[in-house]
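Novice: If it helps, the file is called input-v6.cif and holds mmCIF, C-alpha atoms:
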data_coords
loop_
_atom_site.group_PDB
_atom_site.id
_atom_site.type_symbol
_atom_site.label_atom_id
_atom_site.label_comp_id
_atom_site.auth_asym_id
_atom_site.auth_seq_id
_atom_site.Cartn_x
_atom_site.Cartn_y
_atom_site.Cartn_z
ATOM 1 C CA MET A 1 5.928 16.214 3.006
ATOM 2 C CA LYS A 2 3.534 18.627 4.691
ATOM 3 C CA HIS A 3 1.054 20.946 2.991
ATOM 4 C CA LEU A 4 0.509 24.294 4.761
ATOM 5 C CA PHE A 5 -2.398 26.483 3.693
ATOM 6 C CA ILE A 6 -2.198 30.086 4.931
ATOM 7 C CA ILE A 7 -5.518 31.904 4.506
ATOM 8 C CA ASN A 8 -5.701 35.690 4.545
ATOM 9 C CA PRO A 9 -9.288 36.634 5.505
ATOM 10 C CA ALA A 10 -8.657 40.250 4.439
ATOM 11 C CA ALA A 11 -7.972 39.286 0.809
ATOM 12 C CA GLY A 12 -10.651 40.101 -1.737
ATOM 13 C CA LYS A 13 -14.069 41.584 -1.076
ATOM 14 C CA TYR A 14 -15.063 39.124 1.664
ATOM 15 C CA ASP A 15 -13.611 36.542 4.039
ATOM 16 C CA HIS A 16 -12.993 33.265 2.167
ATOM 17 C CA THR A 17 -11.855 31.293 5.228
ATOM 18 C CA GLY A 18 -14.860 28.976 5.503
ATOM 19 C CA GLU A 19 -15.170 28.352 1.764
ATOM 20 C CA TYR A 20 -11.466 27.669 1.260
ATOM 21 C CA SER A 21 -11.106 25.551 4.399
ATOM 22 C CA GLN A 22 -13.836 23.236 3.138
ATOM 23 C CA LYS A 23 -12.201 22.886 -0.290
ATOM 24 C CA ILE A 24 -8.816 22.190 1.293
ATOM 25 C CA ARG A 25 -10.119 19.524 3.691
ATOM 26 C CA GLN A 26 -12.028 17.715 0.966
ATOM 27 C CA ALA A 27 -9.066 17.629 -1.422
ATOM 28 C CA CYS A 28 -6.372 16.731 1.133
ATOM 29 C CA GLU A 29 -8.301 14.144 3.126
ATOM 30 C CA LYS A 30 -9.294 12.322 -0.051
ATOM 31 C CA ARG A 31 -5.572 11.919 -0.757
ATOM 32 C CA CYS A 32 -4.625 11.201 2.880
ATOM 33 C CA LEU A 33 -2.177 14.119 2.907
ATOM 34 C CA ALA A 34 -0.558 15.694 5.949
ATOM 35 C CA TYR A 35 -1.886 19.242 5.925
ATOM 36 C CA GLU A 36 -2.545 22.243 8.136
ATOM 37 C CA ILE A 37 -4.718 25.334 7.715
ATOM 38 C CA LEU A 38 -3.650 28.550 9.424
ATOM 39 C CA VAL A 39 -5.390 31.931 9.257
ATOM 40 C CA SER A 40 -3.555 35.258 9.397
ATOM 41 C CA ARG A 41 -4.792 37.793 11.938
ATOM 42 C CA SER A 42 -2.967 40.995 10.962
ATOM 43 C CA PRO A 43 -0.721 42.469 8.240
ATOM 44 C CA GLY A 44 2.628 40.676 8.177
ATOM 45 C CA ASP A 45 1.245 37.581 9.884
ATOM 46 C CA CYS A 46 1.549 35.466 6.711
ATOM 47 C CA THR A 47 5.263 36.254 6.586
ATOM 48 C CA LYS A 48 5.761 35.193 10.210
ATOM 49 C CA ILE A 49 3.792 31.960 9.767
ATOM 50 C CA ALA A 50 5.652 31.005 6.576
ATOM 51 C CA GLN A 51 9.063 31.835 8.031
ATOM 52 C CA ALA A 52 8.453 29.814 11.186
ATOM 53 C CA ALA A 53 7.292 26.816 9.139
ATOM 54 C CA ALA A 54 10.267 27.075 6.770
ATOM 55 C CA ALA A 55 12.728 27.334 9.659
ATOM 56 C CA THR A 56 11.803 23.803 10.829
ATOM 57 C CA GLY A 57 13.778 22.434 7.878
ATOM 58 C CA ASP A 58 10.938 20.115 6.875
ATOM 59 C CA GLU A 59 10.116 19.615 3.207
ATOM 60 C CA LEU A 60 7.073 21.823 2.804
ATOM 61 C CA ARG A 61 4.563 23.146 0.311
ATOM 62 C CA ILE A 62 2.948 26.447 1.279
ATOM 63 C CA TYR A 63 -0.253 27.684 -0.350
ATOM 64 C CA ALA A 64 -0.906 31.451 -0.264
ATOM 65 C CA CYS A 65 -4.701 31.578 0.038
ATOM 66 C CA GLY A 66 -5.319 35.194 -0.878
ATOM 67 C CA GLY A 67 -4.242 37.725 -3.471
ATOM 68 C CA ASP A 68 -0.947 39.139 -4.637
ATOM 69 C CA GLY A 69 -0.313 40.787 -1.255
ATOM 70 C CA THR A 70 -0.694 37.442 0.507
ATOM 71 C CA LEU A 71 1.683 35.801 -1.957
ATOM 72 C CA ASN A 72 4.165 38.641 -1.401
ATOM 73 C CA GLU A 73 4.078 38.151 2.375
ATOM 74 C CA ILE A 74 4.756 34.438 2.002
ATOM 75 C CA VAL A 75 7.574 35.047 -0.493
ATOM 76 C CA ASN A 76 9.185 37.288 2.119
ATOM 77 C CA GLY A 77 8.808 34.548 4.713
ATOM 78 C CA VAL A 78 10.423 31.755 2.675
ATOM 79 C CA ALA A 79 13.152 33.634 0.759
ATOM 80 C CA GLY A 80 16.428 31.868 1.451
ATOM 81 C CA PHE A 81 14.842 28.520 2.394
ATOM 82 C CA ASP A 82 15.349 25.784 -0.218
ATOM 83 C CA ASN A 83 13.205 23.252 1.645
ATOM 84 C CA VAL A 84 9.995 25.127 0.758
ATOM 85 C CA ALA A 85 7.951 25.440 -2.422
ATOM 86 C CA ILE A 86 5.094 27.923 -2.655
ATOM 87 C CA THR A 87 2.036 28.648 -4.779
ATOM 88 C CA ASN A 88 -1.017 30.881 -4.917
ATOM 89 C CA PHE A 89 -4.534 29.560 -4.190
ATOM 90 C CA PRO A 90 -6.075 32.903 -5.221
ATOM 91 C CA CYS A 91 -9.021 34.748 -3.717
ATOM 92 C CA GLY A 92 -7.812 38.342 -3.955
ATOM 93 C CA SER A 93 -8.944 41.332 -5.997
ATOM 94 C CA GLY A 94 -6.374 41.159 -8.796
ATOM 95 C CA ASN A 95 -4.577 37.805 -8.561
ATOM 96 C CA ASP A 96 -2.120 39.163 -11.094
ATOM 97 C CA PHE A 97 1.013 37.057 -10.654
ATOM 98 C CA VAL A 98 -0.627 33.804 -11.796
ATOM 99 C CA LYS A 99 -1.653 35.487 -15.061
ATOM 100 C CA VAL A 100 1.801 34.617 -16.407
ATOM 101 C CA PHE A 101 0.499 31.039 -16.673
ATOM 102 C CA SER A 102 -1.445 29.670 -19.627
ATOM 103 C CA ASP A 103 -4.585 29.066 -17.517
ATOM 104 C CA PRO A 104 -4.736 31.266 -14.392
ATOM 105 C CA SER A 105 -8.155 29.887 -13.451
ATOM 106 C CA ALA A 106 -6.542 26.487 -12.780
ATOM 107 C CA PHE A 107 -5.014 27.909 -9.585
ATOM 108 C CA ARG A 108 -8.507 28.145 -8.065
ATOM 109 C CA ASP A 109 -8.846 24.355 -8.264
ATOM 110 C CA CYS A 110 -7.317 22.784 -5.150
ATOM 111 C CA GLU A 111 -7.246 19.360 -6.762
ATOM 112 C CA ARG A 112 -5.132 20.692 -9.632
ATOM 113 C CA LEU A 113 -2.760 22.469 -7.246
ATOM 114 C CA LEU A 114 -2.158 19.193 -5.448
ATOM 115 C CA ASP A 115 -1.439 17.496 -8.797
ATOM 116 C CA CYS A 116 1.375 19.891 -9.642
ATOM 117 C CA GLU A 117 4.770 20.457 -11.193
ATOM 118 C CA GLU A 118 7.487 22.793 -9.983
ATOM 119 C CA ALA A 119 9.891 25.437 -11.310
ATOM 120 C CA THR A 120 12.383 27.849 -9.740
ATOM 121 C CA PHE A 121 11.717 31.553 -10.258
ATOM 122 C CA ASP A 122 13.670 34.773 -9.810
ATOM 123 C CA LEU A 123 12.879 37.384 -7.173
ATOM 124 C CA ILE A 124 13.495 41.110 -6.978
ATOM 125 C CA ARG A 125 15.189 42.128 -3.722
ATOM 126 C CA CYS A 126 14.602 45.665 -2.484
ATOM 127 C CA GLN A 127 16.515 47.310 0.408
ATOM 128 C CA LYS A 128 18.306 43.999 1.150
ATOM 129 C CA ASP A 129 15.442 42.392 3.072
ATOM 130 C CA HIS A 130 12.245 42.971 1.075
ATOM 131 C CA TYR A 131 11.311 40.740 -1.851
ATOM 132 C CA SER A 132 8.964 40.909 -4.812
ATOM 133 C CA ILE A 133 7.994 38.030 -7.086
ATOM 134 C CA ASN A 134 5.980 40.145 -9.503
ATOM 135 C CA ILE A 135 6.273 43.905 -10.130
ATOM 136 C CA CYS A 136 7.723 46.882 -8.238
ATOM 137 C CA SER A 137 7.304 50.554 -9.029
ATOM 138 C CA ILE A 138 8.111 54.062 -7.858
ATOM 139 C CA GLY A 139 6.335 57.269 -8.827
ATOM 140 C CA LEU A 140 2.777 57.876 -9.957
ATOM 141 C CA ASP A 141 2.032 54.193 -10.375
ATOM 142 C CA ALA A 142 3.300 53.313 -6.902
ATOM 143 C CA ARG A 143 1.011 55.924 -5.416
ATOM 144 C CA VAL A 144 -1.833 54.544 -7.492
ATOM 145 C CA GLY A 145 -1.150 50.887 -6.667
ATOM 146 C CA THR A 146 -0.704 51.299 -2.941
ATOM 147 C CA SER A 147 -3.912 53.354 -2.703
ATOM 148 C CA VAL A 148 -6.058 50.692 -4.382
ATOM 149 C CA SER A 149 -6.960 49.057 -1.061
ATOM 150 C CA LYS A 150 -8.858 52.211 -0.107
ATOM 151 C CA TYR A 151 -11.254 51.686 -2.992
ATOM 152 C CA LYS A 152 -11.444 47.931 -3.635
ATOM 153 C CA ARG A 153 -14.030 47.259 -0.932
ATOM 154 C CA LEU A 154 -16.460 49.903 -2.214
ATOM 155 C CA PRO A 155 -19.766 48.481 -3.493
ATOM 156 C CA LEU A 156 -19.713 47.522 -7.198
ATOM 157 C CA VAL A 157 -16.004 48.373 -7.518
ATOM 158 C CA SER A 158 -13.913 45.585 -9.062
ATOM 159 C CA GLY A 159 -10.166 45.182 -8.680
ATOM 160 C CA LYS A 160 -9.704 46.910 -12.042
ATOM 161 C CA GLY A 161 -12.217 49.602 -11.096
ATOM 162 C CA ALA A 162 -10.397 50.321 -7.840
ATOM 163 C CA TYR A 163 -7.150 50.734 -9.780
ATOM 164 C CA LEU A 164 -8.726 53.155 -12.255
ATOM 165 C CA LEU A 165 -10.340 55.149 -9.447
ATOM 166 C CA SER A 166 -7.022 55.400 -7.627
ATOM 167 C CA THR A 167 -5.355 56.480 -10.889
ATOM 168 C CA GLY A 168 -7.736 59.391 -11.335
ATOM 169 C CA VAL A 169 -7.295 60.610 -7.770
ATOM 170 C CA ASN A 170 -3.489 60.454 -7.882
ATOM 171 C CA ILE A 171 -3.186 62.162 -11.262
ATOM 172 C CA CYS A 172 -4.991 65.106 -9.723
ATOM 173 C CA LYS A 173 -2.334 65.212 -6.975
ATOM 174 C CA GLY A 174 0.566 65.528 -9.429
ATOM 175 C CA ILE A 175 2.242 63.467 -12.150
ATOM 176 C CA SER A 176 6.038 63.722 -12.015
ATOM 177 C CA GLU A 177 8.860 64.078 -9.473
ATOM 178 C CA HIS A 178 12.649 64.366 -9.531
ATOM 179 C CA TYR A 179 14.441 60.992 -9.433
ATOM 180 C CA VAL A 180 18.035 59.945 -9.959
ATOM 181 C CA VAL A 181 17.865 56.493 -11.551
ATOM 182 C CA ASP A 182 20.956 54.255 -11.877
ATOM 183 C CA ILE A 183 20.361 51.237 -14.116
ATOM 184 C CA ASP A 184 23.326 48.850 -14.155
ATOM 185 C CA GLY A 185 25.664 51.843 -13.869
ATOM 186 C CA LYS A 186 23.867 54.178 -16.314
ATOM 187 C CA ARG A 187 22.502 57.331 -14.631
ATOM 188 C CA PHE A 188 19.329 59.247 -15.502
ATOM 189 C CA ASP A 189 18.808 62.444 -13.481
ATOM 190 C CA ALA A 190 15.517 64.111 -14.377
ATOM 191 C CA GLN A 191 11.848 64.601 -13.666
ATOM 192 C CA GLN A 192 10.188 61.210 -14.140
ATOM 193 C CA THR A 193 6.561 60.113 -14.041
ATOM 194 C CA MET A 194 7.329 56.587 -12.846
ATOM 195 C CA ILE A 195 9.711 53.653 -12.923
ATOM 196 C CA CYS A 196 8.347 50.111 -13.254
ATOM 197 C CA LEU A 197 10.536 47.077 -12.469
ATOM 198 C CA SER A 198 9.091 43.755 -13.586
ATOM 199 C CA ASN A 199 9.755 40.131 -12.896
ATOM 200 C CA GLY A 200 6.202 39.154 -13.863
ATOM 201 C CA ARG A 201 3.871 40.623 -16.475
ATOM 202 C CA TRP A 202 0.561 41.679 -14.916
ATOM 203 C CA TYR A 203 -0.495 43.924 -12.049
ATOM 204 C CA GLY A 204 -3.108 46.471 -11.032
ATOM 205 C CA GLY A 205 -6.039 44.191 -11.874
ATOM 206 C CA GLY A 206 -5.416 44.240 -15.631
ATOM 207 C CA PHE A 207 -2.254 46.199 -16.471
ATOM 208 C CA ASN A 208 0.190 44.254 -18.674
ATOM 209 C CA PRO A 209 3.162 46.653 -19.030
ATOM 210 C CA THR A 210 5.861 44.050 -19.746
ATOM 211 C CA PRO A 211 4.184 41.282 -21.773
ATOM 212 C CA TYR A 212 7.486 39.592 -22.658
ATOM 213 C CA ALA A 213 9.056 39.563 -19.192
ATOM 214 C CA GLU A 214 10.230 36.134 -18.045
ATOM 215 C CA ILE A 215 10.176 35.091 -14.404
ATOM 216 C CA ASP A 216 13.267 32.904 -14.729
ATOM 217 C CA ASP A 217 15.600 34.733 -17.157
ATOM 218 C CA GLY A 218 17.832 36.500 -14.610
ATOM 219 C CA PHE A 219 16.766 40.045 -15.579
ATOM 220 C CA MET A 220 14.266 42.678 -14.557
ATOM 221 C CA ASP A 221 12.319 44.403 -17.329
ATOM 222 C CA VAL A 222 12.524 48.088 -16.403
ATOM 223 C CA LEU A 223 10.324 50.818 -17.881
ATOM 224 C CA VAL A 224 11.206 54.467 -17.220
ATOM 225 C CA ILE A 225 8.433 56.923 -18.091
ATOM 226 C CA LYS A 226 9.637 60.485 -18.526
ATOM 227 C CA LYS A 227 7.780 63.567 -17.323
ATOM 228 C CA VAL A 228 4.478 63.873 -19.168
ATOM 229 C CA SER A 229 1.687 66.420 -19.061
ATOM 230 C CA ARG A 230 -1.908 65.858 -18.025
ATOM 231 C CA LEU A 231 -2.800 66.148 -21.724
ATOM 232 C CA THR A 232 -0.570 63.199 -22.666
ATOM 233 C CA ILE A 233 -0.840 61.030 -19.534
ATOM 234 C CA ALA A 234 -3.912 59.146 -20.804
ATOM 235 C CA LYS A 235 -2.171 58.246 -24.071
ATOM 236 C CA VAL A 236 1.055 57.226 -22.348
ATOM 237 C CA PHE A 237 -0.694 55.208 -19.643
ATOM 238 C CA GLY A 238 -2.845 53.489 -22.273
ATOM 239 C CA LYS A 239 0.249 52.263 -24.129
ATOM 240 C CA PHE A 240 1.942 51.356 -20.841
ATOM 241 C CA LYS A 241 -1.084 49.371 -19.662
ATOM 242 C CA ALA A 242 -1.206 47.389 -22.903
ATOM 243 C CA GLY A 243 2.536 46.675 -23.010
ATOM 244 C CA ARG A 244 3.002 48.813 -26.126
ATOM 245 C CA TYR A 245 5.804 50.922 -24.718
ATOM 246 C CA ALA A 246 7.831 50.537 -27.928
ATOM 247 C CA GLN A 247 5.254 52.726 -29.710
ATOM 248 C CA LEU A 248 6.167 55.734 -27.514
ATOM 249 C CA PRO A 249 9.994 55.794 -27.330
ATOM 250 C CA GLN A 250 9.916 59.556 -26.698
ATOM 251 C CA TYR A 251 8.216 58.891 -23.347
ATOM 252 C CA ILE A 252 8.959 55.296 -22.324
ATOM 253 C CA THR A 253 12.390 53.632 -22.279
ATOM 254 C CA HIS A 254 12.803 49.882 -21.770
ATOM 255 C CA PHE A 255 15.818 48.216 -20.150
ATOM 256 C CA HIS A 256 16.881 44.708 -19.140
ATOM 257 C CA ALA A 257 18.689 45.110 -15.830
ATOM 258 C CA LYS A 258 20.100 43.259 -12.853
ATOM 259 C CA LYS A 259 20.410 46.224 -10.466
ATOM 260 C CA VAL A 260 18.567 49.543 -10.248
ATOM 261 C CA THR A 261 19.013 52.280 -7.630
ATOM 262 C CA ILE A 262 16.503 55.130 -7.388
ATOM 263 C CA THR A 263 17.054 58.237 -5.259
ATOM 264 C CA CYS A 264 14.232 60.640 -4.470
ATOM 265 C CA ASP A 265 14.186 64.156 -3.007
ATOM 266 C CA LYS A 266 11.857 63.057 -0.207
ATOM 267 C CA PRO A 267 10.460 59.790 1.160
ATOM 268 C CA THR A 268 8.210 58.332 -1.502
ATOM 269 C CA GLU A 269 5.949 55.334 -2.038
ATOM 270 C CA ILE A 270 7.567 52.123 -3.241
ATOM 271 C CA ASN A 271 5.210 49.434 -4.513
ATOM 272 C CA LEU A 272 6.271 45.816 -3.962
ATOM 273 C CA ASP A 273 3.545 43.574 -5.387
ATOM 274 C CA GLY A 274 0.974 46.023 -4.023
ATOM 275 C CA GLU A 275 2.640 46.298 -0.615
ATOM 276 C CA LEU A 276 3.836 49.734 0.518
ATOM 277 C CA LEU A 277 7.361 50.750 1.531
ATOM 278 C CA MET A 278 8.448 54.373 2.114
ATOM 279 C CA SER A 279 12.030 55.555 1.473
ATOM 280 C CA LYS A 280 14.155 58.288 -0.141
ATOM 281 C CA GLU A 281 16.391 55.684 -1.778
ATOM 282 C CA ALA A 282 15.767 52.171 -2.982
ATOM 283 C CA THR A 283 18.013 49.551 -4.547
ATOM 284 C CA PHE A 284 16.418 46.743 -6.547
ATOM 285 C CA GLU A 285 18.468 43.645 -7.367
ATOM 286 C CA LEU A 286 17.463 40.594 -9.371
ATOM 287 C CA VAL A 287 18.060 37.402 -7.386
ATOM 288 C CA PRO A 288 18.103 34.489 -9.857
ATOM 289 C CA LYS A 289 16.459 31.141 -9.112
ATOM 290 C CA ALA A 290 15.473 32.326 -5.640
ATOM 291 C CA VAL A 291 12.149 30.607 -4.924
ATOM 292 C CA ARG A 292 10.570 27.258 -5.706
ATOM 293 C CA PHE A 293 7.073 27.648 -7.147
ATOM 294 C CA PHE A 294 4.597 24.888 -7.958
ATOM 295 C CA TYR A 295 1.612 25.118 -10.285
ATOM 296 C CA PRO A 296 -1.100 22.920 -11.844
ATOM 297 C CA LYS A 297 0.357 20.259 -14.071
ATOM 298 C CA GLY A 298 0.342 21.007 -17.775
ATOM 299 C CA LEU A 299 0.442 24.798 -17.572
ATOM 300 C CA THR A 300 3.107 26.895 -19.269
ATOM 301 C CA TYR A 301 4.478 30.275 -18.199
ATOM 302 C CA HIS A 302 6.891 31.496 -20.879
ATOM 303 C CA ALA A 303 5.852 34.535 -22.927
ATOM 304 C CA LYS A 304 4.621 34.078 -26.459
ATOM 305 C CA ILE A 305 6.654 36.582 -28.456
ATOM 306 C CA PRO A 306 5.193 37.523 -31.855
ATOM 307 C CA VAL A 307 7.409 36.736 -34.822
ATOM 308 C CA ASN A 308 7.461 40.397 -35.963
ATOM 309 C CA THR A 309 8.831 41.837 -32.687
#
Starting from the coordinates I provided, produce the structure as structure tokens.

Specialist:
Amino acid sequence: MKHLFIINPAAGKYDHTGEYSQKIRQACEKRCLAYEILVSRSPGDCTKIAQAAAATGDELRIYACGGDGTLNEIVNGVAGFDNVAITNFPCGSGNDFVKVFSDPSAFRDCERLLDCEEATFDLIRCQKDHYSINICSIGLDARVGTSVSKYKRLPLVSGKGAYLLSTGVNICKGISEHYVVDIDGKRFDAQQTMICLSNGRWYGGGFNPTPYAEIDDGFMDVLVIKKVSRLTIAKVFGKFKAGRYAQLPQYITHFHAKKVTITCDKPTEINLDGELLMSKEATFELVPKAVRFFYPKGLTYHAKIPVNT
């Protein structure tokens, strides 16, 4: 079996290529493993590299050396290939997907990633040929999330800080729009602030909107936030961020769904794990057991649901 490490030098606040290459060589050569390190050169390059490697048919482990965007590119490269397992060796700004695991910091240890176990996770498919392993959204939050990259490289601005800065700017531009939302055949035609579709639990550098979502249960957790005013947006977003949507049923509705179609009046931003897609209509479908994912041995990833929920 071959180990392929794909490094994205644009992930995070600085280029981690040298640092990560040294860690990889030390860990793999000590174990006499067959490995290769490749570096992406432009957006979409990680997808092309992963797809070409997967298409060889060889049994392969691919390590996404970057953030959630890097992982998303590699997911889109290997979707449909059962000879490949993937993971995240994180060095991005948020590194949100791995927060579903009991110890996210373990993913930064190359030795622990090599001593791994494996599971098969669901994916969200959007527009037939785009995939998300974590969280998708349309509306205010999609505008916020896809603008974060503009702010994350500013001095003293963390991943969370960039998200909050982007939130403030986009709220000033407008909060709600008209969407027709079909959720497993049920239609909602109204002004909406945003629609969040989750496979994972964390995004935006610290937002945890769906704390009980499971990445292998065959459903998306969908949150629809109705039109809110600027006076109530802080309260609603605070509950949304903390996963306390049940405390505001007048604003936030939760669904378990397999298929969601959203139609907009004009082309709008669609967030796929932080990656941007523009369209007037988008269909999201849950694809069960769609990707092999490996992680440090001993970690768990199922949600801990309080007894009183």

Novice: For the file shown, what are the residues hit by the PyMOL selection byres ((chain A and resi 78) around 8), laid out as a tab-separated table (two decimals) with C-alpha atoms, keeping the file's coordinate frame?

Specialist:
chain	number	residue	atom	x	y	z
A	47	THR	CA	5.26	36.25	6.59
A	50	ALA	CA	5.65	31.00	6.58
A	51	GLN	CA	9.06	31.84	8.03
A	54	ALA	CA	10.27	27.08	6.77
A	74	ILE	CA	4.76	34.44	2.00
A	75	VAL	CA	7.57	35.05	-0.49
A	76	ASN	CA	9.18	37.29	2.12
A	77	GLY	CA	8.81	34.55	4.71
A	79	ALA	CA	13.15	33.63	0.76
A	80	GLY	CA	16.43	31.87	1.45
A	81	PHE	CA	14.84	28.52	2.39
A	84	VAL	CA	9.99	25.13	0.76
A	291	VAL	CA	12.15	30.61	-4.92

Novice: Using only C-alpha atoms, which of the listed residues (A:Leu154, A:Cys116, A:Val181, A:Ala282) sits closest to Pro296 (chain A)?

Specialist: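 Closest to Pro296 (chain A) of all the choices is A:Cys116.
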
Novice: Please report the interatomic distance between CA of Arg31 (chain A) and CA of His3 (chain A) in Å with one decimal.

Specialist: 11.8 Å

Novice: Go through A:Leu197, A:Asn170, A:Ile135, A:Phe89 and flag the residue nearest Lys23 (chain A), using all atoms listed in the file for the distances.

Specialist: A:Phe89

Novice: Which residue, A:Gly274, A:Gly174, A:Gly67, A:Gly18, has the smallest gap to Gly139 (chain A) when you use only C-alpha atoms?

Specialist: A:Gly174

Novice: Mind checking which residues fall within 7 Å of region 9-15 of chain A, counting all atoms listed in the file, ignoring those fewer than 4 positions away in the same chain, and posting them as a list in words?

Specialist: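 My list of contacting residues is Gly66, Gly67, Cys91, Gly92, Ser93 and Arg153 of chain A.
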